[in-house]
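Step one of this worksheet: look at the structure below.
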Amino acid sequence: MDRIVACYRVRSEPGRIEARARALALEQSIEMPLEAVADSFVRGEVVARVESIVPVRSAEDAERRFEVRLSLSLQSTGPEAGQLLNMLFGNCSLQPDVELVDIEPPAALLAAMPGPRFGAGGWRAALGLDPAAVPRALTCTALKPQGLAPEHLAELAAVFAQSGIDVIKDDHGIADQGYAPFARRVPAVQRAVERAASMRETPGRALYAPTLSGGPRRIAEQLRIVHGEGVGAVLVCPMICGVPALVEQVRAEAGVPIIAHPAMAGSLRIAPALLLGRLFRLFGADATIFPNYGGRFSYDLVTCRAIAQRAREVIDGVRATLPVPAGGMSVERVEEMVREFGTDVMLLIGGNLLMATATQGETVADRARAFVRRVQVAASSIDAGDAARPSRLSREPT
């Protein structure tokens with residue numbers, strides 16, 4: 001039987017860690033004492049197994065943290081995305097001494113999960129970019145702030161599209177509120193982006209990505225509008241809408257690239273590289289937003305590198321997901337981010353583009369153009385080997 005190896009970081013006294021690991025294995029599989037189980041199949045296959053226990057050496061807590069590796073039955077997951085998360089971390093997410101760090105998915109699990117439909121290469125094709133051109137990072141911004149009427153959001157989107165920005169997404173807090181309902185906002189913004197195409201200052205087209213929100217019925221209606229208006233991408237928050245909605249509804253029915261937003265992802269003790277980089281990718285996200293180092297959030301450079309690496313690493317038959325560093329990024333940091341993440345990346349700068357200084361004669365369009373120019377210059381100035389390095393991490397399925 002195929003088994004999933006899950007790696008946990010557990011706080012425990014050294015003398016109690018073996019018992020704690022066995023208890024964790026039962027909690028994440030059958031949730032009852034092993035002595036009460038008579039069925040040989042359950043005892044031999046369904047019960048999680050403790051594969052290894054290794055002390056974690058750290059300056060502050062050398063003897064109290066352990067890496068515990070369990071193997072769980074793949075059959076116990078369905079295999080289905082929500083049940084997979086349940087078996088990996090459902091009950092033990094309620095235990096403050098446990099963190100889910102990583103998984104080793106068997107081939108059968110990879111085959112059962114949809115993965116990105118478009119992936120990194122699909123974004124460039126959807127944007128109409130010349131595959132023979134010098135590769136560059138993609139540009140992305142957000143329509144802000146929540147509270148603007150649809151016509152005002154449409155005007156802003158037109159400025160961004162004309163200035164050459166590739167992807168214009170809703171701020172994730174813009175959903176289906178009364179001041180900008182989805183059914184009015186999406187047609188207005190999409191038409192504004194289309195009208196701006198003839199005045200666009202760079203090659204390719206702009207894609208608008210509205211936020212999908214709510215339960216299955218509401219998302220189904222939103223997808224109907226997306227299809228009817230010819231919208232080119234969508235944004236979804238998997239930890240709010242639910243990963244089954246991402247897999248079974250959005251991934252299956254959207255027909256356009258999907259951006260996964262990390263809202264609520266920090267409420268779980270799941271390593272960001274695993275959740276945002278690997279699991280969101282397996283569940284069907286074509287791009288994954290993460291809080292970049294040096295911004296409004298506390299992720300450090302090592303964590304951000306790990307997320308990007310997981311999004312783009314080689315997994316046979318699974319397209320790479322485009323990493324999207326974000327969260328308080330500025331135009332002035334473009335070169336730094338391209339040096340760090342290469343050109344297989346989408347740079348998301350939101351509020352910083354709106355900080356135009358009218359007293360100095362600067363406009364939002366000026367800020368947007370500066371963003372686009374700096375990305376183009378960064379692509380041509382970094383070492384060609386460095387630019388290609390991230391691309392070689394991924395291999396598209398045939």
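Lettering and numbering for the structure tokens are positional, with chains as A, B, ... in the shown order, residues counted from 1 in each chain, and ligands counted from 1 in the shown order.
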
List every residue of range 87-118 of chain A that has an atom at most 12 Å from any atom of range 64-68 of chain A, giving for each one its closest atom pair and the distance in Å to one decimal, counting only C-alpha atoms, sorted by chain and then by ascending residue number, as a tab-separated table.
residue	atom	partner	partner_atom	distance
A:Asp97	CA	A:Arg65	CA	9.1
A:Val98	CA	A:Arg65	CA	9.6
A:Glu99	CA	A:Glu67	CA	9.6
A:Leu100	CA	A:Val68	CA	9.7
A:Val101	CA	A:Glu67	CA	8.8
A:Asp102	CA	A:Glu67	CA	10.4
A:Ile103	CA	A:Val68	CA	11.5

message: Which residues are close to Pro203 in chain A, i.e. within 12 Å by only C-alpha atoms, leaving aside same-chain residues fewer than 2 positions away? Reply as a VMD selection string.
response: chain A and resid 124 127 to 131 133 161 to 166 197 to 201 205 to 206 372 376

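Within 10 Å of Glu80 in chain A, once only C-alpha atoms are used and residues closer than 6 positions along the same chain are dropped, the contacting residues are Leu74, Asn86, Leu109, Ala112, Met113, Val243, Pro244, Val247, Glu248 and Phe283 of chain A.
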
message: as a PyMOL selection string, please: every residue in range 185-304 of chain A that a backbone DSSP assignment puts in helix (DSSP H, G or I).
response: chain A and resi 185-199+216-229+238-241+243-253+265-267+272-283+301-304

task: Skip His261 in chain A itself and residues of its chain fewer than 4 positions away, then list as a ChimeraX atom specification all residues within 9 Å of it, counting only C-alpha atoms.
output: /A:172,235-239,265,276,287-290

Go ahead and dump the residues you just picked, N, CA and C atoms, as a PDB file, in the first residue's frame.
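Generated output (result-v2.pdb):
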ATOM      1  N   HIS A 172      -7.440  41.021  -2.148  1.00  0.00           N
ATOM      2  CA  HIS A 172      -8.194  39.833  -1.738  1.00  0.00           C
ATOM      3  C   HIS A 172      -9.387  40.170  -0.845  1.00  0.00           C
ATOM      4  N   LEU A 235      -8.487  34.873  -8.693  1.00  0.00           N
ATOM      5  CA  LEU A 235      -7.796  34.819  -7.408  1.00  0.00           C
ATOM      6  C   LEU A 235      -8.687  34.071  -6.429  1.00  0.00           C
ATOM      7  N   VAL A 236      -8.092  33.191  -5.618  1.00  0.00           N
ATOM      8  CA  VAL A 236      -8.867  32.457  -4.625  1.00  0.00           C
ATOM      9  C   VAL A 236      -8.033  32.311  -3.359  1.00  0.00           C
ATOM     10  N   CYS A 237      -8.701  32.331  -2.209  1.00  0.00           N
ATOM     11  CA  CYS A 237      -8.048  32.112  -0.916  1.00  0.00           C
ATOM     12  C   CYS A 237      -8.382  30.690  -0.465  1.00  0.00           C
ATOM     13  N   PRO A 238      -7.508  29.707  -0.693  1.00  0.00           N
ATOM     14  CA  PRO A 238      -7.868  28.316  -0.412  1.00  0.00           C
ATOM     15  C   PRO A 238      -8.212  28.039   1.045  1.00  0.00           C
ATOM     16  N   MET A 239      -7.577  28.750   1.987  1.00  0.00           N
ATOM     17  CA  MET A 239      -7.831  28.460   3.386  1.00  0.00           C
ATOM     18  C   MET A 239      -9.130  29.104   3.872  1.00  0.00           C
ATOM     19  N   ALA A 265      -3.621  31.346   6.028  1.00  0.00           N
ATOM     20  CA  ALA A 265      -2.637  30.263   6.032  1.00  0.00           C
ATOM     21  C   ALA A 265      -1.748  30.328   7.266  1.00  0.00           C
ATOM     22  N   LEU A 276       2.216  26.767   1.180  1.00  0.00           N
ATOM     23  CA  LEU A 276       2.116  27.720   0.078  1.00  0.00           C
ATOM     24  C   LEU A 276       2.882  27.261  -1.155  1.00  0.00           C
ATOM     25  N   ALA A 287      -0.226  30.111  -9.540  1.00  0.00           N
ATOM     26  CA  ALA A 287       0.675  31.081  -8.908  1.00  0.00           C
ATOM     27  C   ALA A 287       0.343  31.115  -7.435  1.00  0.00           C
ATOM     28  N   THR A 288       1.359  31.288  -6.594  1.00  0.00           N
ATOM     29  CA  THR A 288       1.138  31.295  -5.152  1.00  0.00           C
ATOM     30  C   THR A 288       1.757  32.549  -4.549  1.00  0.00           C
ATOM     31  N   ILE A 289       0.906  33.365  -3.918  1.00  0.00           N
ATOM     32  CA  ILE A 289       1.368  34.586  -3.268  1.00  0.00           C
ATOM     33  C   ILE A 289       1.937  34.229  -1.897  1.00  0.00           C
ATOM     34  N   PHE A 290       3.072  34.853  -1.547  1.00  0.00           N
ATOM     35  CA  PHE A 290       3.614  34.656  -0.200  1.00  0.00           C
ATOM     36  C   PHE A 290       4.197  35.969   0.307  1.00  0.00           C
TER      37      PHE A 290
END

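Here the question is which of A:Gln249, A:Ser267, A:Thr211, A:Gln146 gets nearest to Val234 in chain A using only C-alpha atoms, and that residue is A:Thr211.
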
message: If we count only C-alpha atoms and set the cut-off at 8 Å, which residues sit around Pro325 in chain A, ignoring sequence neighbours fewer than 3 positions away in its own chain? Please answer as a list of chain:residue names.
response: A:Ile289, A:Phe290, A:Pro291, A:Asn292, A:Cys304, A:Met346, A:Leu347, A:Leu348

Just the selected residues (N, CA and C atoms), exported as a PDB file, in the first residue's frame, please.
ATOM      1  N   ILE A 289       0.906  33.365  -3.918  1.00  0.00           N
ATOM      2  CA  ILE A 289       1.368  34.586  -3.268  1.00  0.00           C
ATOM      3  C   ILE A 289       1.937  34.229  -1.897  1.00  0.00           C
ATOM      4  N   PHE A 290       3.072  34.853  -1.547  1.00  0.00           N
ATOM      5  CA  PHE A 290       3.614  34.656  -0.200  1.00  0.00           C
ATOM      6  C   PHE A 290       4.197  35.969   0.307  1.00  0.00           C
ATOM      7  N   PRO A 291       4.198  36.160   1.621  1.00  0.00           N
ATOM      8  CA  PRO A 291       4.756  37.398   2.188  1.00  0.00           C
ATOM      9  C   PRO A 291       6.271  37.407   2.055  1.00  0.00           C
ATOM     10  N   ASN A 292       6.781  38.341   1.291  1.00  0.00           N
ATOM     11  CA  ASN A 292       8.217  38.397   1.052  1.00  0.00           C
ATOM     12  C   ASN A 292       8.950  39.000   2.252  1.00  0.00           C
ATOM     13  N   CYS A 304      11.300  32.384   2.500  1.00  0.00           N
ATOM     14  CA  CYS A 304      10.857  32.795   1.165  1.00  0.00           C
ATOM     15  C   CYS A 304      11.558  31.996   0.078  1.00  0.00           C
ATOM     16  N   MET A 346       6.525  36.158 -10.387  1.00  0.00           N
ATOM     17  CA  MET A 346       5.612  37.273 -10.621  1.00  0.00           C
ATOM     18  C   MET A 346       5.752  38.219  -9.430  1.00  0.00           C
ATOM     19  N   LEU A 347       6.162  39.440  -9.695  1.00  0.00           N
ATOM     20  CA  LEU A 347       6.365  40.419  -8.636  1.00  0.00           C
ATOM     21  C   LEU A 347       5.066  41.188  -8.403  1.00  0.00           C
ATOM     22  N   LEU A 348       4.583  41.177  -7.161  1.00  0.00           N
ATOM     23  CA  LEU A 348       3.331  41.842  -6.822  1.00  0.00           C
ATOM     24  C   LEU A 348       3.607  43.089  -5.989  1.00  0.00           C
TER      25      LEU A 348
END

message: Env of Ala149 in chain A: 8 Å cut, atoms = only C-alpha atoms, seq-sep filter 6 positions within chain, self excluded. Answer as a VMD selection string.
response: chain A and resid 179 to 180 185

Spatial neighbours of Val324 in chain A, 12 Å, only C-alpha atoms, chain gap at least 5 places, as a VMD selection string: chain A and resid 120 137 to 141 167 259 to 262 276 to 277 285 to 292 304 to 305 307 to 309 311 to 312 329 337 to 338 341 to 349
